[in-house]
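The file coords-v7.cif comes next; it holds mmCIF, C-alpha atoms.
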```
data_model
#
loop_
_atom_site.label_atom_id
_atom_site.label_comp_id
_atom_site.auth_asym_id
_atom_site.auth_seq_id
_atom_site.Cartn_x
_atom_site.Cartn_y
_atom_site.Cartn_z
CA MET A 1 -101.00 2.62 -115.18
CA GLU A 2 -99.83 5.03 -117.87
CA VAL A 3 -96.34 4.97 -119.32
CA THR A 4 -95.32 8.22 -121.01
CA GLY A 5 -92.32 10.21 -122.13
CA GLN A 6 -89.13 9.35 -123.95
CA CYS A 7 -89.66 5.69 -124.72
CA GLY A 8 -90.45 3.48 -127.69
CA LYS A 9 -93.59 1.84 -126.29
CA PRO A 10 -95.67 4.28 -124.23
CA GLY A 11 -99.23 3.26 -123.32
CA THR A 12 -101.70 2.30 -120.64
CA LEU A 13 -101.60 -1.09 -118.92
CA THR A 14 -103.85 -2.97 -116.55
CA LEU A 15 -102.36 -4.59 -113.48
CA GLU A 16 -102.66 -7.94 -115.24
CA ASP A 17 -100.70 -6.65 -118.23
CA ILE A 18 -98.04 -5.35 -115.90
CA LEU A 19 -97.61 -8.57 -113.89
CA LYS A 20 -98.11 -11.29 -116.48
CA PRO A 21 -94.60 -11.72 -117.89
CA HIS A 22 -92.80 -11.54 -114.54
CA ALA A 23 -92.05 -14.20 -111.97
CA LEU A 24 -92.56 -12.87 -108.44
CA GLU A 25 -89.78 -13.24 -105.91
CA GLU A 26 -89.46 -12.52 -102.23
CA ARG A 27 -86.77 -10.01 -101.31
CA VAL A 28 -85.90 -9.32 -97.67
CA TYR A 29 -84.75 -5.70 -97.50
CA ARG A 30 -83.90 -3.20 -94.81
CA HIS A 31 -86.23 -0.19 -94.95
CA ARG A 32 -84.98 3.09 -93.48
CA CYS A 33 -87.37 5.97 -92.94
CA VAL A 34 -86.03 9.51 -93.02
CA GLU A 35 -87.55 9.94 -89.56
CA ALA A 36 -84.98 7.47 -88.20
CA TRP A 37 -87.00 4.32 -87.70
CA SER A 38 -86.27 1.20 -89.70
CA MET A 39 -87.57 -2.29 -90.35
CA VAL A 40 -86.60 -5.45 -92.13
CA ILE A 41 -89.34 -6.29 -94.60
CA PRO A 42 -89.89 -9.30 -96.87
CA TRP A 43 -91.22 -7.66 -100.02
CA VAL A 44 -92.72 -9.55 -102.96
CA GLY A 45 -92.06 -8.26 -106.45
CA PHE A 46 -89.79 -8.34 -109.46
CA PRO A 47 -86.96 -6.15 -110.74
CA LEU A 48 -88.23 -2.76 -111.89
CA ALA A 49 -85.62 -2.98 -114.66
CA ASP A 50 -87.51 -5.87 -116.24
CA LEU A 51 -90.69 -3.79 -116.29
CA LEU A 52 -89.06 -0.64 -117.64
CA LYS A 53 -87.23 -2.49 -120.44
CA ARG A 54 -90.60 -3.47 -121.88
CA PHE A 55 -91.25 0.21 -122.69
CA GLU A 56 -87.89 0.67 -124.48
CA PRO A 57 -86.66 3.87 -122.81
CA ALA A 58 -84.85 6.18 -125.25
CA SER A 59 -81.11 6.72 -124.85
CA GLY A 60 -81.84 10.32 -123.86
CA ALA A 61 -84.15 9.26 -121.04
CA LYS A 62 -81.81 9.88 -118.12
CA TYR A 63 -84.52 9.88 -115.44
CA VAL A 64 -87.70 8.06 -114.54
CA GLN A 65 -90.52 9.84 -112.74
CA PHE A 66 -93.27 8.11 -110.78
CA PHE A 67 -96.72 9.50 -109.97
CA THR A 68 -98.93 8.20 -107.17
CA LEU A 69 -102.71 7.97 -107.23
CA ALA A 70 -104.37 11.06 -105.70
CA ASP A 71 -107.98 10.03 -105.13
CA LYS A 72 -109.75 12.14 -102.51
CA GLN A 73 -112.42 9.49 -102.09
CA GLN A 74 -110.07 6.68 -101.12
CA MET A 75 -107.37 8.90 -99.64
CA PRO A 76 -108.91 11.53 -97.34
CA GLY A 77 -105.48 12.96 -96.53
CA VAL A 78 -105.22 14.18 -100.10
CA ARG A 79 -107.91 16.74 -99.33
CA TYR A 80 -105.35 18.74 -97.34
CA PRO A 81 -102.47 20.52 -99.07
CA VAL A 82 -99.79 18.97 -96.86
CA LEU A 83 -97.82 18.25 -100.02
CA GLN A 84 -98.50 19.13 -103.61
CA TRP A 85 -100.55 16.22 -104.89
CA PRO A 86 -100.22 13.90 -106.74
CA TYR A 87 -97.23 12.51 -104.88
CA ARG A 88 -94.34 12.30 -107.27
CA GLU A 89 -90.89 10.77 -107.08
CA GLY A 90 -87.99 10.17 -109.41
CA LEU A 91 -84.83 8.17 -109.95
CA THR A 92 -81.95 8.31 -112.38
CA ILE A 93 -82.28 5.66 -115.07
CA ALA A 94 -79.30 3.84 -113.57
CA GLU A 95 -80.98 3.73 -110.15
CA ALA A 96 -84.28 2.59 -111.67
CA MET A 97 -82.54 -0.15 -113.65
CA HIS A 98 -80.43 -1.36 -110.73
CA PRO A 99 -81.02 -5.04 -109.82
CA LEU A 100 -81.97 -4.11 -106.24
CA THR A 101 -84.79 -1.78 -107.29
CA LEU A 102 -88.02 -3.68 -106.89
CA ALA A 103 -91.42 -3.25 -108.53
CA THR A 104 -93.36 -4.43 -105.48
CA VAL A 105 -96.79 -6.02 -105.27
CA GLY A 106 -96.75 -7.72 -101.87
CA LEU A 107 -95.17 -8.05 -98.44
CA TYR A 108 -95.06 -10.75 -95.75
CA GLY A 109 -96.35 -13.15 -98.36
CA LYS A 110 -99.55 -11.18 -98.89
CA VAL A 111 -100.86 -8.76 -101.46
CA LEU A 112 -99.85 -5.15 -100.76
CA PRO A 113 -102.47 -3.41 -98.59
CA ASN A 114 -103.66 0.07 -99.62
CA GLN A 115 -101.62 1.92 -97.02
CA ASN A 116 -98.44 0.21 -98.23
CA GLY A 117 -99.02 1.32 -101.82
CA ALA A 118 -101.40 -1.15 -103.49
CA PRO A 119 -101.31 -2.39 -106.15
CA LEU A 120 -97.79 -1.47 -107.23
CA ARG A 121 -95.07 0.44 -105.41
CA ILE A 122 -91.36 0.95 -105.89
CA VAL A 123 -88.78 -0.15 -103.32
CA ILE A 124 -85.25 1.28 -103.41
CA PRO A 125 -83.63 -0.12 -100.27
CA TRP A 126 -80.56 2.14 -100.21
CA LYS A 127 -82.61 5.31 -100.11
CA TYR A 128 -84.92 6.77 -97.48
CA GLY A 129 -88.36 5.18 -97.61
CA PHE A 130 -90.21 8.19 -98.98
CA LYS A 131 -88.30 7.73 -102.28
CA GLY A 132 -90.36 4.60 -102.96
CA ALA A 133 -93.52 5.85 -104.67
CA LYS A 134 -96.67 3.98 -103.73
CA SER A 135 -99.78 3.18 -105.78
CA VAL A 136 -98.00 4.11 -108.97
CA VAL A 137 -100.38 5.20 -111.70
CA ARG A 138 -97.91 6.75 -114.11
CA ILE A 139 -94.30 6.19 -115.12
CA HIS A 140 -92.67 8.97 -117.14
CA PHE A 141 -89.30 8.81 -118.89
CA THR A 142 -87.55 12.19 -119.09
CA ASP A 143 -84.19 13.79 -119.77
CA ARG A 144 -84.44 16.32 -116.96
CA GLN A 145 -84.21 15.68 -113.22
CA PRO A 146 -87.87 15.35 -112.19
CA GLN A 147 -89.63 17.13 -109.36
CA THR A 148 -90.13 15.06 -106.22
CA SER A 149 -92.84 15.93 -103.69
CA TRP A 150 -90.79 16.18 -100.49
CA ASN A 151 -88.08 18.16 -102.24
CA MET A 152 -90.72 20.56 -103.50
CA SER A 153 -91.99 21.08 -99.96
CA ALA A 154 -88.64 21.45 -98.18
CA PRO A 155 -85.65 21.57 -100.56
CA SER A 156 -83.03 21.92 -97.83
CA GLU A 157 -84.31 18.84 -96.03
CA TYR A 158 -85.15 16.32 -98.78
CA GLY A 159 -82.86 16.03 -101.76
CA PHE A 160 -83.34 14.28 -105.07
CA TYR A 161 -80.99 11.43 -104.20
CA SER A 162 -81.85 10.97 -100.50
CA ASN A 163 -79.44 8.08 -100.21
CA VAL A 164 -79.26 6.81 -96.64
CA ASN A 165 -76.22 8.60 -95.21
CA PRO A 166 -75.36 8.83 -91.50
CA GLU A 167 -72.88 11.59 -92.30
CA ARG A 168 -75.49 13.89 -93.73
CA PRO A 169 -77.91 14.93 -91.01
CA HIS A 170 -81.38 16.08 -91.79
CA PRO A 171 -81.18 19.82 -91.00
CA ARG A 172 -83.39 19.24 -87.98
CA TRP A 173 -82.23 15.84 -86.68
CA SER A 174 -79.29 13.48 -86.86
CA GLN A 175 -79.29 10.47 -89.21
CA ALA A 176 -76.50 8.67 -87.39
CA LYS A 177 -78.77 6.20 -85.63
CA GLU A 178 -82.07 4.47 -86.24
CA ARG A 179 -84.77 2.79 -84.13
CA ARG A 180 -85.22 -0.73 -85.48
CA LEU A 181 -88.89 -1.54 -84.97
CA GLY A 182 -90.19 -4.85 -83.69
CA GLY A 183 -87.73 -5.23 -80.82
CA GLY A 184 -89.85 -3.53 -78.16
CA LEU A 185 -89.43 -0.42 -76.04
CA LEU A 186 -86.00 -1.26 -74.68
CA SER A 187 -84.33 -2.56 -77.81
CA GLY A 188 -81.31 -0.42 -78.51
CA THR A 189 -80.87 1.90 -81.44
CA ILE A 190 -78.67 0.86 -84.35
CA ALA A 191 -75.94 2.81 -86.09
CA THR A 192 -77.15 3.77 -89.57
CA LYS A 193 -75.00 2.56 -92.45
CA ILE A 194 -74.21 4.45 -95.62
CA PHE A 195 -76.57 3.35 -98.42
CA ASN A 196 -78.49 1.49 -95.72
CA GLY A 197 -75.82 -1.22 -95.84
CA TYR A 198 -76.13 -1.80 -99.59
CA GLY A 199 -72.93 0.07 -100.39
CA ASP A 200 -71.12 -2.80 -102.16
CA GLN A 201 -73.98 -3.06 -104.58
CA VAL A 202 -74.80 0.59 -105.24
CA ALA A 203 -71.79 2.76 -104.37
CA GLN A 204 -70.53 2.59 -107.97
CA LEU A 205 -73.62 4.50 -109.12
CA TYR A 206 -72.32 7.55 -107.27
CA GLN A 207 -68.63 7.50 -108.05
CA GLY A 208 -67.33 11.03 -108.20
CA LEU A 209 -70.56 12.47 -106.81
CA ASP A 210 -70.28 14.48 -103.61
CA LEU A 211 -72.96 12.83 -101.51
CA ILE A 212 -73.15 15.66 -98.98
CA GLN A 213 -73.86 18.24 -101.64
CA ASN A 214 -76.06 15.84 -103.59
CA TYR A 215 -78.12 14.73 -100.67
CA MET B 1 -107.56 22.71 -46.07
CA THR B 2 -111.30 22.33 -46.39
CA ARG B 3 -112.84 18.97 -47.13
CA SER B 4 -114.05 20.02 -50.57
CA LEU B 5 -110.63 21.37 -51.51
CA LEU B 6 -108.98 18.13 -50.42
CA VAL B 7 -111.39 16.16 -52.57
CA ILE B 8 -110.77 18.40 -55.56
CA LYS B 9 -107.01 18.27 -55.15
CA THR B 10 -107.10 14.49 -54.88
CA LEU B 11 -109.17 14.22 -58.04
CA VAL B 12 -106.87 16.54 -59.94
CA PHE B 13 -103.84 14.62 -58.67
CA CYS B 14 -105.31 11.38 -59.98
CA ALA B 15 -106.21 12.97 -63.29
CA CYS B 16 -102.64 14.23 -63.67
CA LEU B 17 -101.19 10.83 -62.83
CA ALA B 18 -103.55 8.91 -65.10
CA PRO B 19 -101.62 9.46 -68.34
CA PHE B 20 -98.48 8.10 -66.72
CA VAL B 21 -100.30 5.05 -65.37
CA LEU B 22 -101.76 4.47 -68.83
CA LEU B 23 -98.30 4.72 -70.35
CA VAL B 24 -96.92 2.13 -67.93
CA LEU B 25 -99.82 -0.22 -68.68
CA ARG B 26 -99.15 0.19 -72.38
CA ALA B 27 -95.41 -0.39 -71.91
CA PHE B 28 -96.02 -3.68 -70.11
CA GLU B 29 -98.80 -4.57 -72.56
CA ILE B 30 -101.35 -5.07 -69.80
CA GLY B 31 -105.01 -5.42 -70.62
CA GLY B 32 -104.46 -5.59 -74.36
CA LEU B 33 -102.87 -2.13 -74.40
CA ASP B 34 -99.63 -1.44 -76.20
CA LEU B 35 -97.36 1.31 -77.44
CA GLY B 36 -97.89 0.66 -81.15
CA ALA B 37 -95.33 0.06 -83.87
CA ASP B 38 -92.77 2.61 -82.69
CA PRO B 39 -92.84 2.38 -78.87
CA LYS B 40 -90.00 4.80 -78.18
CA ALA B 41 -91.55 7.51 -80.30
CA GLU B 42 -94.90 6.87 -78.64
CA VAL B 43 -93.50 7.28 -75.12
CA LEU B 44 -91.57 10.39 -76.12
CA LYS B 45 -94.58 11.94 -77.76
CA THR B 46 -97.07 11.09 -75.01
CA CYS B 47 -94.86 12.51 -72.26
CA GLY B 48 -94.12 15.61 -74.28
CA MET B 49 -97.76 16.30 -75.12
CA THR B 50 -98.98 15.64 -71.58
CA GLY B 51 -96.29 17.94 -70.21
CA LEU B 52 -97.19 20.61 -72.73
CA ASN B 53 -100.92 20.29 -72.06
CA LEU B 54 -100.40 20.63 -68.32
CA LEU B 55 -98.17 23.64 -68.90
CA MET B 56 -100.88 25.29 -70.96
CA LEU B 57 -103.39 24.48 -68.20
CA THR B 58 -101.24 26.27 -65.62
CA LEU B 59 -101.41 29.34 -67.83
CA CYS B 60 -105.19 29.06 -68.04
CA VAL B 61 -105.64 29.16 -64.28
CA THR B 62 -105.32 32.92 -63.79
CA PRO B 63 -107.58 33.95 -66.69
CA ILE B 64 -110.24 31.48 -65.52
CA ARG B 65 -109.85 32.64 -61.93
CA ARG B 66 -110.28 36.25 -62.97
CA ALA B 67 -113.28 35.46 -65.13
CA THR B 68 -115.10 33.27 -62.62
CA GLY B 69 -113.91 34.75 -59.35
CA ILE B 70 -113.02 31.29 -58.03
CA ASN B 71 -109.77 32.23 -56.36
CA ARG B 72 -109.27 28.76 -54.97
CA LEU B 73 -108.17 27.62 -58.43
CA VAL B 74 -104.75 29.05 -57.70
CA THR B 75 -104.11 26.20 -55.28
CA LEU B 76 -104.27 23.76 -58.18
CA ARG B 77 -101.73 25.56 -60.29
CA ARG B 78 -98.68 24.31 -58.43
CA MET B 79 -99.81 20.72 -58.77
CA LEU B 80 -100.38 21.13 -62.51
CA GLY B 81 -97.00 22.83 -62.91
CA LEU B 82 -95.09 20.16 -61.02
CA PHE B 83 -96.81 17.40 -62.94
CA SER B 84 -95.91 19.18 -66.15
CA PHE B 85 -92.30 19.23 -65.00
CA PHE B 86 -92.54 15.54 -64.11
CA TYR B 87 -93.78 14.55 -67.57
CA LEU B 88 -91.20 16.70 -69.29
CA CYS B 89 -88.44 15.13 -67.20
CA VAL B 90 -89.64 11.70 -68.30
CA HIS B 91 -89.77 13.04 -71.87
CA PHE B 92 -86.16 14.17 -71.57
CA LEU B 93 -85.02 10.95 -69.86
CA THR B 94 -86.68 8.93 -72.63
CA TYR B 95 -84.67 10.88 -75.12
CA ILE B 96 -81.44 10.43 -73.16
CA GLY B 97 -81.95 6.75 -72.42
CA LEU B 98 -83.77 5.37 -75.45
CA TYR B 99 -82.76 7.68 -78.28
CA ILE B 100 -79.18 8.74 -77.73
CA GLU B 101 -78.53 6.03 -75.14
CA PHE B 102 -76.53 8.14 -72.70
CA ASP B 103 -74.11 9.26 -75.38
CA TRP B 104 -73.30 12.62 -73.79
CA SER B 105 -71.27 13.86 -76.73
CA MET B 106 -74.29 13.25 -78.92
CA LEU B 107 -76.44 15.19 -76.45
CA LEU B 108 -74.09 18.15 -76.66
CA GLU B 109 -74.10 17.91 -80.44
CA ASP B 110 -77.88 17.79 -80.55
CA ILE B 111 -78.22 20.75 -78.19
CA GLY B 112 -75.70 22.68 -80.22
CA LYS B 113 -76.76 21.78 -83.75
CA ARG B 114 -80.49 21.00 -83.71
CA PRO B 115 -82.39 24.20 -82.92
CA TYR B 116 -85.54 22.42 -81.81
CA ILE B 117 -83.53 20.52 -79.19
CA THR B 118 -81.71 23.69 -78.09
CA VAL B 119 -85.07 25.28 -77.48
CA GLY B 120 -86.60 22.26 -75.76
CA PHE B 121 -83.60 21.72 -73.52
CA THR B 122 -83.57 25.39 -72.54
CA ALA B 123 -87.26 25.27 -71.69
CA LEU B 124 -86.73 22.27 -69.44
CA MET B 125 -83.73 23.83 -67.70
CA LEU B 126 -85.73 26.99 -67.05
CA MET B 127 -88.40 24.89 -65.37
CA VAL B 128 -85.92 23.63 -62.76
CA PRO B 129 -85.72 26.80 -60.64
CA LEU B 130 -89.49 27.08 -60.84
CA ALA B 131 -89.95 23.51 -59.63
CA VAL B 132 -87.39 23.96 -56.84
CA THR B 133 -89.00 27.18 -55.57
CA SER B 134 -92.55 25.89 -55.84
CA THR B 135 -92.86 25.24 -52.09
CA ASN B 136 -94.73 27.45 -49.64
CA GLY B 137 -91.46 28.09 -47.83
CA PHE B 138 -89.77 29.46 -50.90
CA GLN B 139 -92.77 31.51 -51.85
CA ARG B 140 -92.68 33.16 -48.41
CA ARG B 141 -88.92 33.67 -48.35
CA LEU B 142 -88.66 35.08 -51.87
CA GLY B 143 -91.76 37.27 -51.72
CA ARG B 144 -91.92 39.64 -54.66
CA ARG B 145 -88.90 37.97 -56.25
CA TRP B 146 -90.83 34.71 -56.39
CA VAL B 147 -93.38 36.38 -58.64
CA LYS B 148 -90.69 37.73 -60.91
CA LEU B 149 -88.94 34.36 -61.13
CA HIS B 150 -92.12 32.53 -61.94
CA ARG B 151 -92.86 34.85 -64.81
CA LEU B 152 -90.32 32.66 -66.59
CA VAL B 153 -93.26 30.36 -67.29
CA TYR B 154 -94.16 32.64 -70.22
CA VAL B 155 -90.74 32.08 -71.76
CA ILE B 156 -90.92 28.35 -71.06
CA ALA B 157 -94.34 27.97 -72.66
CA THR B 158 -93.23 29.87 -75.75
CA LEU B 159 -90.07 27.78 -76.10
CA ALA B 160 -92.11 24.60 -75.64
CA VAL B 161 -94.50 25.49 -78.45
CA VAL B 162 -91.57 26.40 -80.73
CA HIS B 163 -89.90 23.08 -79.88
CA TYR B 164 -93.09 21.27 -80.87
CA TRP B 165 -93.45 23.29 -84.06
CA TRP B 166 -89.88 22.67 -85.20
CA GLN B 167 -89.87 18.91 -84.75
CA VAL B 168 -92.97 18.35 -86.87
CA LYS B 169 -92.06 16.97 -90.32
CA LEU B 170 -94.50 19.07 -92.30
CA ASP B 171 -98.03 19.26 -90.91
CA VAL B 172 -97.90 22.17 -88.46
CA SER B 173 -101.65 22.27 -87.80
CA ASP B 174 -101.31 20.92 -84.25
CA PRO B 175 -98.48 23.19 -83.06
CA LEU B 176 -100.37 26.04 -84.70
CA LEU B 177 -103.33 25.39 -82.40
CA TYR B 178 -101.06 25.61 -79.38
CA ALA B 179 -99.47 28.79 -80.71
CA VAL B 180 -102.90 30.36 -81.13
CA LEU B 181 -103.94 29.31 -77.61
CA LEU B 182 -100.72 30.72 -76.20
CA ALA B 183 -101.26 33.99 -78.05
CA ARG B 184 -104.74 34.29 -76.58
CA LEU B 185 -103.52 33.56 -73.06
CA PHE B 186 -100.85 36.22 -73.44
CA SER B 187 -103.25 38.79 -74.84
CA ALA B 188 -105.64 38.16 -71.95
CA ARG B 189 -102.84 38.92 -69.52
CA ILE B 190 -101.70 42.01 -71.40
CA ALA B 191 -105.26 43.30 -71.44
CA HIS B 192 -105.59 42.75 -67.70
CA TRP B 193 -102.23 44.33 -67.00
CA ARG B 194 -103.19 47.43 -69.00
CA ALA B 195 -106.58 47.67 -67.32
CA THR B 196 -105.12 47.50 -63.83
CA ALA B 197 -102.08 49.69 -64.51
CA ARG B 198 -103.74 52.87 -63.37
CA LYS B 199 -105.26 51.21 -60.33
CA ARG B 200 -101.91 49.74 -59.35
CA GLY B 201 -100.21 53.10 -59.67
CA ALA B 202 -102.73 54.73 -57.32
CA SER B 203 -102.76 51.96 -54.72
CA VAL B 204 -98.95 51.86 -54.49
CA ASP B 205 -98.86 55.57 -53.64
CA ALA B 206 -101.61 55.23 -51.06
CA LYS B 207 -99.91 52.27 -49.42
CA ALA B 208 -96.55 53.96 -49.35
CA ALA B 209 -98.21 56.85 -47.58
CA MET B 210 -99.57 54.41 -45.00
CA ALA B 211 -96.01 53.47 -43.93
CA PRO B 212 -94.60 50.13 -42.97
CA THR B 213 -94.63 46.83 -44.51
CA TYR B 214 -97.65 45.99 -46.58
CA GLN B 215 -96.34 43.28 -48.82
CA ARG B 216 -98.84 42.08 -51.34
CA VAL B 217 -97.77 39.20 -53.48
CA GLU B 218 -99.56 39.41 -56.81
CA PRO B 219 -99.79 36.10 -58.64
CA PRO B 220 -98.19 36.18 -62.13
#
```
Using structure tokens, write down the structure that the file contains.
Amino acid sequence: MEVTGQCGKPGTLTLEDILKPHALEERVYRHRCVEAWSMVIPWVGFPLADLLKRFEPASGAKYVQFFTLADKQQMPGVRYPVLQWPYREGLTIAEAMHPLTLATVGLYGKVLPNQNGAPLRIVIPWKYGFKGAKSVVRIHFTDRQPQTSWNMSAPSEYGFYSNVNPERPHPRWSQAKERRLGGGLLSGTIATKIFNGYGDQVAQLYQGLDLIQNY
Amino acid sequence: MTRSLLVIKTLVFCACLAPFVLLVLRAFEIGGLDLGADPKAEVLKTCGMTGLNLLMLTLCVTPIRRATGINRLVTLRRMLGLFSFFYLCVHFLTYIGLYIEFDWSMLLEDIGKRPYITVGFTALMLMVPLAVTSTNGFQRRLGRRWVKLHRLVYVIATLAVVHYWWQVKLDVSDPLLYAVLLARLFSARIAHWRATARKRGASVDAKAAMAPTYQRVEPP
């Protein structure tokens, strides 16, 4: 993984280098997809903040951008221009440094499989799932709001923040409810909560920000 | 009905019912089958696609009949159309029961605010009069008006493809295929209509000259 941009210690690290100083913990988080299904997942990882601090982000680095691997050999879907590859995502530095944000290496007690973003993915439980970049190969510190793949493809549908918000429908479907998976065909739908239920821990990040305009 | 026709109709009936039987088996997890990780979405999608496929098949009947000369095919069209309506009713009921859970205010909001649902709901509503008048009795009683009413199937098929297109997140390759197929089916009909326009004009005059009631019901 490469670390670039406005930081004191850019460079390239192996997975071993990345993981060595950190103790892994299990975090049980709700995961809410923008397509209105959700799950409760026991992730294994460590706070992204602890990783990012190692690179000494500059005071001007207001945002962090993440790039996903785009290898046509291992990822046949990347051969089709469904999105502009490589997949890219971004967070404000405050969101990236938040204690809930997880640098994730496993789930259900096992190492992350490829389709879930091996070897390292980001989990931000108060945002829609697509915000969590998988198979991260580059972290870039920047002072400008970075491009994010879904926003590039459909700006009116996928915003930079994409905080879970039942009051802000996707232009084409409602976000008021979600299908919690694992309960079977007849399990009822659940009312979606603002910030996916993590409001007490993250709402302060968005004080004064109009969350309908800044979707 | 001839023996061979009865056999064919029975086979087609079973083929049309098979997807539903499979869905039930998967819902009850019989024989190692299941509905996957997101069972509601799977049911919704399967019913929608089967309904759409059958609808497209009904539109293929006339071009194939004209190309092959097998007029008997027309007798299958009603069965295909009614099965399409059946699957799309289940599709709609799945949405009502499992997605919005009988919250009628939410249904109204969805129909009003989500264009793909407006279009889908309209398509389904337009199918109702076609399903109701699908019987031999109605076809006799309505005569020429039956043909005109059942031309609504062109509107329904178009709305259905648009509904499919608009609910896809990003990869429109599948709905595109259906749109292309629909375009070809329409152009085949337009071509035929143009080719027979002159003939129709002449025959109407001749028949009018012949006096009373020659009523010829042209299939749509």
Margin query: Assuming the chain letters and numbering stay as they are in my file, what does the PyMOL selection byres ((chain A) within 8 of (chain B)) actually select? List them as a list in words.
Written below: Trp37, Val82, Pro171, Arg172, Trp173, Ser174, Arg179, Leu181, Gly182, Gly184, Leu185, Leu186, Gly188 and Thr189 of chain A
Residues from the last selection, C-alpha atoms, saved as an mmCIF file, keeping the file's coordinate frame:
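The file below, result.cif, is the result:
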```cif
data_model
loop_
_atom_site.group_PDB
_atom_site.id
_atom_site.type_symbol
_atom_site.label_atom_id
_atom_site.label_comp_id
_atom_site.auth_asym_id
_atom_site.auth_seq_id
_atom_site.Cartn_x
_atom_site.Cartn_y
_atom_site.Cartn_z
ATOM 1 C CA TRP A 37 -87.000 4.320 -87.700
ATOM 2 C CA VAL A 82 -99.790 18.970 -96.860
ATOM 3 C CA PRO A 171 -81.180 19.820 -91.000
ATOM 4 C CA ARG A 172 -83.390 19.240 -87.980
ATOM 5 C CA TRP A 173 -82.230 15.840 -86.680
ATOM 6 C CA SER A 174 -79.290 13.480 -86.860
ATOM 7 C CA ARG A 179 -84.770 2.790 -84.130
ATOM 8 C CA LEU A 181 -88.890 -1.540 -84.970
ATOM 9 C CA GLY A 182 -90.190 -4.850 -83.690
ATOM 10 C CA GLY A 184 -89.850 -3.530 -78.160
ATOM 11 C CA LEU A 185 -89.430 -0.420 -76.040
ATOM 12 C CA LEU A 186 -86.000 -1.260 -74.680
ATOM 13 C CA GLY A 188 -81.310 -0.420 -78.510
ATOM 14 C CA THR A 189 -80.870 1.900 -81.440
#
```
**Study point:** Test item: which residues lie within 12 Å of (-84.9, 18.0, -115.0) counting only C-alpha atoms, as JSON, numbers by chain
**Key:** {"A": [61, 62, 63, 64, 65, 90, 91, 92, 141, 142, 143, 144, 145, 146, 147, 148, 160]}
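The environment of Thr133 in chain B within 9 Å, counting all atoms listed in the file and disregarding residues fewer than 5 places along the same chain, consists of Val128, Phe138, Gln139, Leu142, Trp146 and His150 of chain B.
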List the neighbours of Val111 in chain A out to 12 Å using only C-alpha atoms; skip same-chain residues closer than 4 positions along the sequence, and give me the result as a PyMOL selection string.
chain A and resi 24+42-45+104-107+115-121
- Query: Hey, can you check how far CA of Val90 in chain B sits from CA of Ala36 in chain A?
  - Reply: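 We find that CA of Val90 in chain B and CA of Ala36 in chain A lie 20.9 Å from each other.
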Excluding Cys14 in chain B and any residue of its chain fewer than 6 positions from it, enumerate the residues within 12 Å of it, using only C-alpha atoms, and give them as a PDB file with C-alpha atoms, in the frame of the given file.
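After the write, part-v1.pdb holds the following:
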```pdb
ATOM      1  CA  VAL B   7    -111.390  16.160 -52.570  1.00  0.00           C
ATOM      2  CA  ILE B   8    -110.770  18.400 -55.560  1.00  0.00           C
ATOM      3  CA  PHE B  20     -98.480   8.100 -66.720  1.00  0.00           C
ATOM      4  CA  VAL B  21    -100.300   5.050 -65.370  1.00  0.00           C
ATOM      5  CA  LEU B  22    -101.760   4.470 -68.830  1.00  0.00           C
ATOM      6  CA  MET B  79     -99.810  20.720 -58.770  1.00  0.00           C
ATOM      7  CA  LEU B  80    -100.380  21.130 -62.510  1.00  0.00           C
ATOM      8  CA  PHE B  83     -96.810  17.400 -62.940  1.00  0.00           C
TER       9      PHE B  83
END
```
Worksheet item: What is the distance, in Å and to one decimal place, between CA of Ala191 in chain A and CA of Ser38 in chain A?
Response: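 Computing it gives 11.1 Å between the two atoms.
When only C-alpha atoms are used to measure the gap to Leu44 in chain B, the shortest distance among B:Thr75, B:Thr122, B:Thr94, B:Ser84 belongs to B:Thr94.
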Find the distance between CA of Gly81 in chain B and CA of Thr46 in chain B and write it in Å to one decimal.
->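 Pair CA of Gly81 in chain B / CA of Thr46 in chain B returns 16.9 Å.
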* Asked: Leaving out Val136 in chain A and any residue of its chain fewer than 5 positions from it, which residues lie within 10 Å of it when counting only C-alpha atoms, given as a count of residues only?
  -> 17
Q | Selection result for the PyMOL selection byres ((chain A and resi 203) around 12) on this file, as a list in words | A |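 Applied to this file, the PyMOL selection byres ((chain A and resi 203) around 12) returns Ala94, Glu95, His98, Trp126, Lys127, Asn163, Val164, Asn165, Ile194, Phe195, Asn196, Gly197, Tyr198, Gly199, Asp200, Gln201, Val202, Gln204, Leu205, Tyr206, Gln207, Gly208, Leu209, Asp210 and Leu211 of chain A.
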Go ahead and dump the residues you just picked, C-alpha atoms, as a CSV table (one decimal), in the frame of the given file.
```
chain,number,residue,atom,x,y,z
A,94,ALA,CA,-79.3,3.8,-113.6
A,95,GLU,CA,-81.0,3.7,-110.2
A,98,HIS,CA,-80.4,-1.4,-110.7
A,126,TRP,CA,-80.6,2.1,-100.2
A,127,LYS,CA,-82.6,5.3,-100.1
A,163,ASN,CA,-79.4,8.1,-100.2
A,164,VAL,CA,-79.3,6.8,-96.6
A,165,ASN,CA,-76.2,8.6,-95.2
A,194,ILE,CA,-74.2,4.4,-95.6
A,195,PHE,CA,-76.6,3.4,-98.4
A,196,ASN,CA,-78.5,1.5,-95.7
A,197,GLY,CA,-75.8,-1.2,-95.8
A,198,TYR,CA,-76.1,-1.8,-99.6
A,199,GLY,CA,-72.9,0.1,-100.4
A,200,ASP,CA,-71.1,-2.8,-102.2
A,201,GLN,CA,-74.0,-3.1,-104.6
A,202,VAL,CA,-74.8,0.6,-105.2
A,204,GLN,CA,-70.5,2.6,-108.0
A,205,LEU,CA,-73.6,4.5,-109.1
A,206,TYR,CA,-72.3,7.6,-107.3
A,207,GLN,CA,-68.6,7.5,-108.0
A,208,GLY,CA,-67.3,11.0,-108.2
A,209,LEU,CA,-70.6,12.5,-106.8
A,210,ASP,CA,-70.3,14.5,-103.6
A,211,LEU,CA,-73.0,12.8,-101.5
```
